[in-house]
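> What follows is start-v2.txt; its format and atoms are compact mmCIF, C-alpha atoms and all ligand atoms.
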```txt
# COMPACT_ATOMS: atom_id res chain seq x y z
CA MET A 1 46.88 -15.23 136.12
CA HIS A 2 44.46 -13.97 138.80
CA LYS A 3 45.62 -10.98 140.78
CA LYS A 4 46.48 -11.60 144.39
CA VAL A 5 44.15 -9.81 146.77
CA ALA A 6 45.28 -9.16 150.33
CA ILE A 7 43.62 -7.77 153.42
CA ILE A 8 46.00 -6.12 155.88
CA THR A 9 44.63 -5.44 159.34
CA GLY A 10 46.79 -2.82 161.08
CA ILE A 11 47.73 -1.19 157.76
CA THR A 12 48.26 2.18 159.49
CA GLY A 13 50.88 0.67 161.83
CA GLN A 14 54.63 0.32 161.35
CA ASP A 15 54.56 -3.16 159.80
CA GLY A 16 51.28 -2.64 157.95
CA SER A 17 52.69 0.34 156.09
CA TYR A 18 55.87 -1.49 154.99
CA LEU A 19 53.85 -4.55 154.04
CA ALA A 20 51.42 -2.45 151.96
CA GLU A 21 54.41 -0.99 150.08
CA LEU A 22 55.82 -4.46 149.48
CA LEU A 23 52.54 -6.00 148.27
CA LEU A 24 51.76 -3.05 145.99
CA SER A 25 55.26 -3.37 144.50
CA LYS A 26 54.33 -6.99 143.74
CA ASN A 27 51.15 -5.90 141.98
CA TYR A 28 48.68 -7.02 144.64
CA ILE A 29 45.29 -5.45 145.24
CA VAL A 30 45.50 -4.36 148.87
CA HIS A 31 42.59 -3.76 151.23
CA GLY A 32 43.42 -2.18 154.58
CA LEU A 33 41.29 -2.22 157.71
CA ILE A 34 41.42 1.11 159.52
CA ARG A 35 39.82 2.42 162.71
CA ARG A 36 37.80 5.58 162.88
CA SER A 37 39.51 8.24 164.96
CA SER A 38 38.75 11.89 165.60
CA LEU A 39 41.98 12.88 163.87
CA ILE A 40 43.15 11.11 160.72
CA LYS A 41 46.04 8.72 161.51
CA THR A 42 47.05 7.50 158.08
CA ASP A 43 50.44 9.29 158.00
CA ARG A 44 52.39 6.09 157.43
CA ILE A 45 50.41 5.19 154.28
CA ASP A 46 49.55 8.65 152.94
CA HIS A 47 52.32 8.42 150.35
CA LEU A 48 50.53 5.37 148.94
CA PHE A 49 46.93 6.45 149.38
CA ASN A 50 47.56 9.91 147.91
CA ASP A 51 48.99 8.37 144.75
CA ARG A 52 46.17 8.60 142.17
CA LYS A 53 47.36 5.51 140.34
CA ILE A 54 46.98 3.51 143.54
CA ARG A 55 44.15 5.03 145.59
CA ASN A 56 40.90 3.09 145.11
CA LYS A 57 42.48 1.29 142.19
CA ARG A 58 44.94 -0.99 143.95
CA LEU A 59 44.70 0.22 147.52
CA PHE A 60 41.36 0.42 149.35
CA LEU A 61 40.72 1.38 152.96
CA HIS A 62 37.75 0.12 154.99
CA TYR A 63 36.58 1.11 158.46
CA GLY A 64 36.40 -1.68 160.99
CA ASP A 65 37.74 -2.87 164.29
CA MET A 66 39.28 -6.10 165.52
CA THR A 67 36.85 -6.08 168.46
CA ASP A 68 33.82 -5.90 166.16
CA ASP A 69 32.77 -9.33 164.79
CA LEU A 70 30.52 -7.93 162.11
CA SER A 71 33.04 -5.55 160.57
CA ILE A 72 35.64 -8.34 160.30
CA TYR A 73 33.17 -10.84 158.85
CA SER A 74 31.66 -8.33 156.42
CA LEU A 75 35.03 -7.19 155.10
CA ILE A 76 36.28 -10.72 154.51
CA ASN A 77 32.96 -11.66 152.89
CA LEU A 78 33.08 -8.57 150.64
CA ILE A 79 36.68 -9.00 149.49
CA LYS A 80 37.14 -12.79 149.61
CA PRO A 81 40.91 -12.25 149.74
CA THR A 82 43.62 -14.71 148.79
CA GLU A 83 45.79 -13.57 151.71
CA ILE A 84 45.05 -12.01 155.09
CA TYR A 85 47.82 -10.45 157.17
CA ASN A 86 46.53 -9.98 160.71
CA LEU A 87 48.81 -7.24 162.03
CA ALA A 88 46.25 -5.21 163.99
CA ALA A 89 46.81 -5.27 167.73
CA GLN A 90 47.13 -3.24 170.88
CA SER A 91 50.85 -3.83 170.53
CA HIS A 92 52.32 -2.01 173.55
CA VAL A 93 53.40 -4.42 176.29
CA LYS A 94 53.36 -1.90 179.16
CA VAL A 95 49.98 -0.50 178.08
CA SER A 96 48.56 -4.04 178.11
CA PHE A 97 48.92 -4.05 181.90
CA GLU A 98 46.65 -0.99 181.96
CA ILE A 99 44.04 -2.20 179.42
CA PRO A 100 44.21 -6.00 179.69
CA LEU A 101 40.61 -6.73 178.66
CA TYR A 102 40.76 -4.56 175.58
CA THR A 103 44.13 -6.11 174.69
CA ALA A 104 42.65 -9.61 174.99
CA ASN A 105 39.65 -8.67 172.89
CA ALA A 106 41.68 -7.15 170.06
CA ASP A 107 44.81 -9.34 170.16
CA ALA A 108 43.30 -12.73 171.03
CA LEU A 109 39.63 -12.73 169.99
CA GLY A 110 40.38 -10.53 166.97
CA THR A 111 42.38 -13.42 165.49
CA LEU A 112 39.55 -15.86 166.21
CA ARG A 113 37.10 -13.50 164.43
CA ILE A 114 39.26 -13.68 161.29
CA LEU A 115 39.64 -17.45 161.41
CA GLU A 116 35.91 -17.96 162.02
CA ALA A 117 35.08 -15.77 159.02
CA VAL A 118 37.47 -17.72 156.78
CA ARG A 119 36.00 -21.00 158.04
CA ASN A 120 32.34 -19.98 157.76
CA LEU A 121 32.79 -18.46 154.33
CA ASN A 122 34.62 -21.63 153.27
CA LEU A 123 37.48 -19.61 151.74
CA LYS A 124 39.64 -22.59 150.84
CA LYS A 125 42.21 -20.53 148.93
CA CYS A 126 42.67 -17.87 151.58
CA LYS A 127 45.97 -17.91 153.50
CA VAL A 128 46.24 -16.25 156.90
CA TYR A 129 49.35 -14.74 158.49
CA GLN A 130 49.22 -14.11 162.23
CA ALA A 131 51.57 -11.52 163.80
CA SER A 132 52.93 -13.59 166.62
CA THR A 133 55.75 -12.43 168.84
CA SER A 134 58.90 -13.22 170.80
CA GLU A 135 56.99 -11.95 173.87
CA LEU A 136 55.54 -15.49 173.99
CA TYR A 137 58.91 -16.66 175.37
CA GLY A 138 58.59 -14.18 178.21
CA ASN A 139 60.69 -14.94 181.24
CA ASN A 140 62.70 -17.76 179.76
CA SER A 141 65.92 -19.48 180.77
CA SER A 142 66.91 -20.34 177.17
CA LYS A 143 69.99 -18.61 175.74
CA ILE A 144 68.45 -18.51 172.29
CA MET A 145 64.81 -19.07 171.31
CA SER A 146 63.55 -21.13 168.36
CA GLU A 147 60.24 -22.68 167.26
CA LYS A 148 60.93 -25.47 169.80
CA THR A 149 61.52 -23.28 172.86
CA TYR A 150 58.85 -23.31 175.58
CA PHE A 151 56.59 -20.27 176.04
CA ASN A 152 56.32 -18.41 179.34
CA PRO A 153 54.38 -15.18 178.64
CA VAL A 154 54.37 -12.60 181.44
CA SER A 155 52.20 -9.71 180.19
CA PRO A 156 48.51 -9.46 179.23
CA TYR A 157 49.76 -8.67 175.71
CA ALA A 158 51.84 -11.84 175.52
CA VAL A 159 49.07 -14.00 176.98
CA ALA A 160 46.60 -12.62 174.41
CA LYS A 161 49.11 -13.35 171.63
CA LEU A 162 49.60 -16.86 173.02
CA TYR A 163 45.87 -17.47 172.56
CA SER A 164 46.19 -16.31 168.95
CA TYR A 165 49.21 -18.55 168.39
CA TYR A 166 47.30 -21.63 169.51
CA ILE A 167 43.99 -20.77 167.86
CA VAL A 168 45.85 -20.42 164.54
CA LYS A 169 47.44 -23.84 165.08
CA SER A 170 44.10 -25.30 166.11
CA TYR A 171 42.21 -24.00 163.04
CA ARG A 172 45.04 -25.14 160.77
CA GLU A 173 44.92 -28.67 162.16
CA ALA A 174 41.17 -28.96 162.69
CA TYR A 175 39.90 -27.36 159.47
CA GLY A 176 42.90 -27.43 157.12
CA ILE A 177 43.03 -23.63 156.89
CA PHE A 178 46.37 -22.30 155.63
CA ALA A 179 47.21 -20.23 158.70
CA CYS A 180 50.62 -19.62 160.22
CA ASN A 181 52.33 -17.71 163.00
CA GLY A 182 55.37 -15.56 162.34
CA ILE A 183 57.12 -15.47 165.73
CA LEU A 184 58.81 -12.14 165.19
CA PHE A 185 61.41 -10.67 167.48
CA ASN A 186 61.48 -6.88 167.97
CA HIS A 187 61.72 -4.95 164.75
CA GLU A 188 62.02 -1.22 164.46
CA SER A 189 62.34 1.50 161.84
CA PRO A 190 61.97 5.25 161.39
CA LYS A 191 58.22 4.51 161.35
CA ARG A 192 58.25 2.88 164.80
CA GLY A 193 55.65 4.22 167.26
CA GLU A 194 57.05 7.00 169.46
CA THR A 195 56.56 5.16 172.77
CA PHE A 196 58.59 2.05 171.91
CA VAL A 197 62.04 2.34 173.39
CA THR A 198 64.19 2.61 170.25
CA ARG A 199 62.19 5.45 168.69
CA LYS A 200 61.74 7.07 172.11
CA ILE A 201 65.53 7.16 172.54
CA ILE A 202 66.14 8.77 169.17
CA LEU A 203 63.32 11.30 169.54
CA GLY A 204 64.51 12.01 173.10
CA LEU A 205 68.08 12.67 171.98
CA LYS A 206 66.76 14.99 169.28
CA ASP A 207 64.81 16.89 171.95
CA TYR A 208 67.92 17.05 174.12
CA ILE A 209 70.00 18.47 171.26
CA ASN A 210 67.31 20.99 170.26
CA SER A 211 66.07 22.11 173.66
CA GLY A 212 68.15 20.50 176.43
CA LYS A 213 65.21 18.34 177.59
CA THR A 214 66.22 15.23 179.58
CA LEU A 215 65.22 11.83 178.20
CA ILE A 216 63.65 9.58 180.85
CA LEU A 217 63.79 5.81 180.42
CA GLY A 218 62.94 2.69 182.43
CA ASN A 219 64.91 -0.56 182.62
CA LEU A 220 68.19 -0.19 180.70
CA ASP A 221 69.29 -3.79 181.38
CA ALA A 222 66.58 -5.47 179.27
CA LYS A 223 68.04 -7.16 176.18
CA ARG A 224 66.29 -7.48 172.86
CA ASP A 225 66.98 -8.96 169.43
CA TRP A 226 66.33 -5.89 167.28
CA GLY A 227 65.88 -6.05 163.50
CA HIS A 228 64.42 -3.76 160.83
CA ALA A 229 60.69 -3.92 160.00
CA LYS A 230 61.40 -3.89 156.24
CA ASP A 231 63.24 -7.22 156.49
CA TYR A 232 60.47 -8.71 158.64
CA VAL A 233 57.52 -7.86 156.37
CA GLU A 234 59.34 -9.64 153.57
CA GLY A 235 59.49 -12.70 155.82
CA MET A 236 55.72 -12.43 156.47
CA TRP A 237 55.03 -12.41 152.73
CA LEU A 238 57.36 -15.35 152.12
CA MET A 239 55.54 -17.39 154.78
CA LEU A 240 52.30 -17.10 152.79
CA GLN A 241 54.02 -18.08 149.53
CA GLN A 242 54.90 -21.54 150.83
CA LYS A 243 53.05 -24.73 149.89
CA LYS A 244 52.48 -25.61 153.55
CA PRO A 245 51.84 -23.31 156.49
CA LYS A 246 54.65 -23.28 159.02
CA ASP A 247 55.15 -21.29 162.22
CA LEU A 248 58.55 -19.61 161.94
CA VAL A 249 60.84 -17.41 164.00
CA LEU A 250 62.23 -14.23 162.39
CA ALA A 251 65.16 -12.70 164.28
CA THR A 252 68.70 -11.41 163.78
CA GLY A 253 70.35 -13.77 166.29
CA LYS A 254 72.00 -10.85 168.14
CA SER A 255 70.88 -9.40 171.45
CA TYR A 256 71.66 -5.93 172.84
CA SER A 257 70.54 -4.09 175.95
CA VAL A 258 68.51 -0.88 175.97
CA ARG A 259 71.68 0.74 177.39
CA ASP A 260 73.64 -0.50 174.31
CA PHE A 261 71.04 1.12 172.06
CA LEU A 262 71.29 4.40 173.95
CA ILE A 263 75.11 4.44 173.98
CA LYS A 264 75.37 3.59 170.26
CA SER A 265 72.93 6.39 169.48
CA LEU A 266 74.87 8.90 171.60
CA LYS A 267 78.09 7.91 169.86
CA TYR A 268 76.51 8.12 166.43
CA LEU A 269 75.39 11.66 167.28
CA ASN A 270 78.91 12.54 168.56
CA ILE A 271 77.60 13.42 172.03
CA ARG A 272 80.37 12.88 174.59
CA PHE A 273 79.04 11.71 177.92
CA SER A 274 79.87 10.23 181.31
CA THR A 275 77.61 8.08 183.50
CA LYS A 276 76.83 7.86 187.19
CA LYS A 277 74.52 5.71 189.29
CA ASN A 278 72.99 6.43 192.68
CA LYS A 279 69.87 5.49 194.59
CA LEU A 280 67.81 7.79 192.36
CA GLY A 281 68.83 5.91 189.23
CA GLU A 282 71.32 6.00 186.38
CA PHE A 283 72.41 9.27 184.73
CA PHE A 284 74.05 10.11 181.41
CA LEU A 285 75.79 13.49 181.67
CA ASP A 286 76.90 15.72 178.81
CA SER A 287 80.73 16.02 179.01
CA SER A 288 80.61 19.49 177.47
CA ASN A 289 78.33 21.13 180.09
CA GLY A 290 77.36 18.57 182.77
CA GLN A 291 73.69 18.65 181.74
CA ILE A 292 71.62 15.47 182.20
CA ILE A 293 71.02 13.94 178.78
CA CYS A 294 69.18 10.89 180.08
CA LYS A 295 68.09 9.45 183.42
CA THR A 296 66.12 6.44 184.56
CA ASP A 297 62.81 6.43 186.40
CA LYS A 298 60.92 3.44 187.80
CA LYS A 299 57.66 4.79 186.40
CA TYR A 300 58.66 3.25 183.07
CA HIS A 301 59.22 -0.19 184.60
CA ARG A 302 56.62 -2.90 183.97
CA PRO A 303 54.94 -5.02 186.66
CA LEU A 304 56.77 -7.97 185.05
CA GLU A 305 59.68 -7.65 182.64
CA VAL A 306 60.99 -9.85 179.85
CA PRO A 307 64.70 -9.58 180.65
CA TYR A 308 66.33 -11.22 177.63
CA LEU A 309 65.43 -12.22 174.08
CA LYS A 310 67.58 -13.65 171.29
CA GLY A 311 66.09 -15.52 168.34
CA ASP A 312 67.24 -18.47 166.27
CA ALA A 313 65.87 -17.97 162.73
CA ARG A 314 67.66 -20.92 161.13
CA LYS A 315 64.38 -22.60 160.18
CA ALA A 316 63.15 -19.47 158.35
CA ARG A 317 66.49 -19.25 156.61
CA LYS A 318 66.16 -22.82 155.40
CA THR A 319 62.45 -22.75 154.55
CA LEU A 320 62.12 -19.23 153.14
CA ASN A 321 65.72 -18.42 152.26
CA TRP A 322 65.15 -15.40 154.54
CA LYS A 323 67.85 -13.48 156.25
CA PRO A 324 67.87 -9.91 157.54
CA LYS A 325 69.77 -7.28 155.54
CA TYR A 326 70.00 -4.79 158.41
CA ASN A 327 72.19 -5.28 161.48
CA PHE A 328 72.01 -3.31 164.75
CA ASP A 329 74.32 -0.51 163.55
CA ALA A 330 72.54 -0.09 160.21
CA LEU A 331 69.18 0.07 161.99
CA ILE A 332 70.32 2.80 164.38
CA LYS A 333 72.00 4.72 161.56
CA GLU A 334 68.81 4.74 159.46
CA MET A 335 66.58 5.68 162.40
CA ILE A 336 68.84 8.59 163.35
CA GLU A 337 69.39 9.83 159.82
CA GLU A 338 65.67 9.85 159.01
CA GLU A 339 64.88 11.70 162.24
CA PHE A 340 67.57 14.32 161.88
CA VAL A 341 67.28 14.93 158.15
CA ASN A 342 63.46 15.11 157.99
P1 LIG B 1 51.76 -0.88 165.59
O1 LIG B 1 52.66 0.07 164.89
O2 LIG B 1 51.35 -0.62 166.99
O3 LIG B 1 50.44 -1.02 164.68
C1 LIG B 1 49.30 -1.66 165.16
C2 LIG B 1 48.18 -1.50 164.16
O4 LIG B 1 47.01 -2.14 164.68
C3 LIG B 1 47.78 -0.05 163.87
O5 LIG B 1 47.43 0.07 162.52
C4 LIG B 1 46.55 0.13 164.74
O6 LIG B 1 45.66 1.12 164.27
C5 LIG B 1 45.92 -1.24 164.58
N1 LIG B 1 44.94 -1.55 165.62
C6 LIG B 1 45.13 -1.57 166.96
N2 LIG B 1 44.01 -1.94 167.58
C7 LIG B 1 43.08 -2.15 166.62
C8 LIG B 1 41.71 -2.54 166.63
N3 LIG B 1 41.05 -2.78 167.77
N4 LIG B 1 41.06 -2.67 165.44
C9 LIG B 1 41.71 -2.40 164.28
N5 LIG B 1 43.00 -2.03 164.21
C10 LIG B 1 43.68 -1.91 165.37
O7 LIG B 1 52.37 -2.34 165.58
P2 LIG B 1 53.53 -2.96 164.64
O8 LIG B 1 54.84 -2.74 165.30
O9 LIG B 1 53.33 -2.55 163.24
O10 LIG B 1 53.23 -4.51 164.79
C11 LIG B 1 52.34 -5.18 163.90
C12 LIG B 1 51.87 -6.47 164.56
O11 LIG B 1 52.98 -7.30 164.86
C13 LIG B 1 51.14 -6.27 165.88
O12 LIG B 1 50.15 -7.28 165.96
C14 LIG B 1 52.21 -6.53 166.93
O13 LIG B 1 51.61 -6.97 168.12
C15 LIG B 1 53.01 -7.61 166.25
N6 LIG B 1 54.45 -7.67 166.57
C16 LIG B 1 55.22 -6.55 166.49
C17 LIG B 1 56.58 -6.65 166.73
C18 LIG B 1 57.49 -5.46 166.62
O14 LIG B 1 58.61 -5.53 167.14
N7 LIG B 1 57.09 -4.40 165.93
C19 LIG B 1 57.15 -7.92 167.04
C20 LIG B 1 56.31 -9.03 167.09
C21 LIG B 1 54.96 -8.91 166.84
P3 LIG B 1 45.86 2.69 164.66
O15 LIG B 1 46.88 3.21 163.68
O16 LIG B 1 44.49 3.21 164.43
O17 LIG B 1 46.32 2.75 166.07
O1 LIG B 2 60.46 -2.20 175.15
C1 LIG B 2 62.56 -1.38 178.03
C2 LIG B 2 61.30 -2.17 178.28
O2 LIG B 2 58.31 -1.14 174.49
C3 LIG B 2 61.70 -2.84 174.96
C4 LIG B 2 56.40 -4.60 170.76
O3 LIG B 2 56.53 -4.32 169.39
O4 LIG B 2 58.35 -5.98 170.76
C5 LIG B 2 57.77 -4.83 171.35
O5 LIG B 2 57.63 -5.01 172.76
C6 LIG B 2 62.44 -2.90 176.28
C7 LIG B 2 61.58 -3.41 177.45
O6 LIG B 2 59.19 -3.15 173.21
C8 LIG B 2 61.69 2.13 178.33
O7 LIG B 2 61.12 -2.41 179.67
C9 LIG B 2 63.24 0.80 179.06
O8 LIG B 2 62.33 -4.32 178.19
O9 LIG B 2 60.30 -0.98 172.93
P1 LIG B 2 59.53 -1.76 173.92
P2 LIG B 2 58.76 -4.58 173.80
O10 LIG B 2 58.11 -4.49 175.12
O11 LIG B 2 59.95 -5.47 173.68
C10 LIG B 2 57.62 -7.20 170.92
C11 LIG B 2 58.36 -8.29 170.19
C12 LIG B 2 56.20 -7.07 170.56
O12 LIG B 2 55.56 -8.04 170.14
C13 LIG B 2 55.51 -5.81 170.95
O13 LIG B 2 54.33 -5.63 170.17
O14 LIG B 2 62.82 -1.59 176.64
N1 LIG B 2 62.43 0.06 178.28
N2 LIG B 2 62.82 2.08 179.12
C14 LIG B 2 61.46 0.85 177.81
N3 LIG B 2 60.43 0.59 176.98
C15 LIG B 2 59.61 1.62 176.66
N4 LIG B 2 58.57 1.41 175.81
N5 LIG B 2 59.79 2.88 177.18
C16 LIG B 2 60.82 3.19 178.02
O15 LIG B 2 60.97 4.32 178.47
```
Please render this file's structure as structure tokens.
Ligand code: NAP
Ligand code: F7E


Amino acid sequence: MHKKVAIITGITGQDGSYLAELLLSKNYIVHGLIRRSSLIKTDRIDHLFNDRKIRNKRLFLHYGDMTDDLSIYSLINLIKPTEIYNLAAQSHVKVSFEIPLYTANADALGTLRILEAVRNLNLKKCKVYQASTSELYGNNSSKIMSEKTYFNPVSPYAVAKLYSYYIVKSYREAYGIFACNGILFNHESPKRGETFVTRKIILGLKDYINSGKTLILGNLDAKRDWGHAKDYVEGMWLMLQQKKPKDLVLATGKSYSVRDFLIKSLKYLNIRFSTKKNKLGEFFLDSSNGQIICKTDKKYHRPLEVPYLKGDARKARKTLNWKPKYNFDALIKEMIEEEFVN
């Protein structure tokens, strides 16, 4: 049997690194697209790339950029992969308000560049996974969101991802390309970027314990459906193993506020606290010494917020036999334990 050959864009990111581990464990040849930077940023995949049995034997890294047509086309032409996982993106919602054009170029047109390469090179056997997102639902009145729920994106990030969602659908229907959108709700892990709220909370509490520094957060009322990235990359892989491409939601079906995440983390760390609210914001005070553990500041608010997300993954369960292994408590436990042990 021919070996499966995958390209992962965004291999240095949270999901890319877990997906690379998964595909290598399944004996794939993996090619990762990486960006040049003045300091090397391959920490999340160093354990794989530094393994002599893997490096340049089963795992190859190539410089390129989602905003650069030629590097995308040349890589796909060189490798002629059987699977492409398009995970590369400017993935921070708040930052997308500050760099909207760049976000559109990388997150929307980047997907088109991949699809155009697959089409022009006539790669009939190549399957494409697109990292779509629950941010598409945006400001939405639905209590739970499925593949049938309307989209109402409210950030430049979400609008760029909406373009990708529809261009994937369009190329699938127009040209018969096996391309599908995984509509993934928030997923976290010890490898989560430091400026996303879950990791920021845990790193902030570590700083508070070690040096008494106050953690500053934005909107604590926002609710998210938080899962673990390891479960979600398995879902991505399963989507490309199907006979027919289908757009599917991956989610846990539970929604918690940012405040819930903070309180659970404080409890897990045995930090006793009280809270107060005034016109300056909300405060979490250390019961042992009155010090401010955490406070809110409007500078972390977004011009538009997605207030509530909860996903219905019944279709993925039926189609892929996928269900998450981690719940909210297990996710927080792992994120804290990794941070405090290592
Ligand atoms: P992440 O940790 O921010 O990783 C993003 C990756 O994209 C990094 O490898 C980054 O490279 C790369 N990248 C960014 N801009 C690029 C460009 N112009 N050219 C080439 N590479 C570029 O994101 P993640 O959490 O793993 O998410 C993976 C994908 O799923 C993203 O598309 C994200 O939008 C989407 N998504 C994430 C979630 C979630 O909750 N995590 C939910 C739904 C959808 P550097 O390492 O060089 O920065
Ligand atoms: O914010 C609130 C913030 O930045 C979650 C990306 O992976 O998931 C992610 O997008 C919530 C928001 O993730 C802070 O306002 C409060 O309501 O961790 P986040 P996100 O915006 O949900 C989706 C599915 C993606 O596709 C994205 O790529 O937390 N919040 N205080 C804060 N958020 C941050 N970052 N920092 C704060 O201080």

> Have a look at A:Asn27, A:Thr9, A:Ser37, A:Asn152 and name the one nearest to Thr111 (chain A); count all atoms listed in the file.

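Of all the options, A:Thr9 lies closest to Thr111 (chain A).
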
> Please report, as JSON, the centre and edge lengths in Å to one decimal of an axis-aligned box covering all listed atoms of ligand LIG 1 (chain B) with 5 Å per side.


```
{"center_x": 49.8, "center_y": -2.9, "center_z": 165.3, "size_x": 27.6, "size_y": 22.2, "size_z": 15.6}
```

> Would you name the residues within 7 Å of ligand LIG 1 (chain B), counting all atoms listed in the file, and put them as JSON, numbers by chain?

{"A": [9, 10, 11, 12, 13, 14, 15, 16, 33, 34, 35, 41, 64, 65, 66, 67, 86, 87, 88, 89, 90, 91, 92, 106, 131, 132, 133, 134, 183, 184, 185, 186, 187, 188, 192, 193, 229]}

> Which protein, DNA or RNA residues have an atom within 6 Å of ligand LIG 2 (chain B), counting only C-alpha atoms and all ligand atoms, as a list in words?

Ser91, His92, Val93, Thr133, Ser134, Glu135, Phe185, Asn186, Thr195, Phe196, Val197, Thr198, Leu217, Gly218, Asn219, Leu220, Ala222, Val258, Tyr300, His301 and Val306 of chain A

> Go through A:Ile76, A:Tyr28, A:Leu285, A:Lys213 and flag the residue nearest Lys57 (chain A), using only C-alpha atoms for the distances.

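The answer is A:Tyr28, which sits nearest to Lys57 (chain A).
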
> If I take CA of Leu280 (chain A) and CA of Val95 (chain A), how far is one from the other in Å, to one decimal?

24.3 Å

> Go through A:Ser287, A:Thr214, A:Thr82, A:Ser155 and flag the residue nearest Ser274 (chain A), using only C-alpha atoms for the distances.

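Nearest to Ser274 (chain A): A:Ser287.
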
> Which one of A:Met236, A:Ile336, A:Ile144, A:Cys294 sits closest to Leu269 (chain A) if you count only C-alpha atoms?

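Closest to Leu269 (chain A) of all the choices is A:Ile336.
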
> Which neighbours of Pro190 (chain A) fall inside 9 Å, counting all atoms listed in the file, when residues of the same chain fewer than 5 positions from it are skipped, and could you give them as an MDAnalysis selection string?

chainID A and resid 14 199 331 334:339

> Selected residues, C-alpha atoms, written as a short mmCIF file (atom, residue, chain, number, x, y, z; two decimals), keeping the file's coordinate frame, please.


```cif
data_model
loop_
_atom_site.label_atom_id
_atom_site.label_comp_id
_atom_site.auth_asym_id
_atom_site.auth_seq_id
_atom_site.Cartn_x
_atom_site.Cartn_y
_atom_site.Cartn_z
CA GLN A 14 54.63 0.32 161.35
CA ARG A 199 62.19 5.45 168.69
CA LEU A 331 69.18 0.07 161.99
CA GLU A 334 68.81 4.74 159.46
CA MET A 335 66.58 5.68 162.40
CA ILE A 336 68.84 8.59 163.35
CA GLU A 337 69.39 9.83 159.82
CA GLU A 338 65.67 9.85 159.01
CA GLU A 339 64.88 11.70 162.24
#
```

> Show me, as a list in words, the residues that have an atom within 8 Å of Lys223 (chain A) when counting only C-alpha atoms, minus same-chain residues fewer than 3 positions from it.

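Using only C-alpha atoms, the neighbours found are Ser255, Tyr256, Ser257, Val258, Pro307, Tyr308 and Leu309 of chain A.
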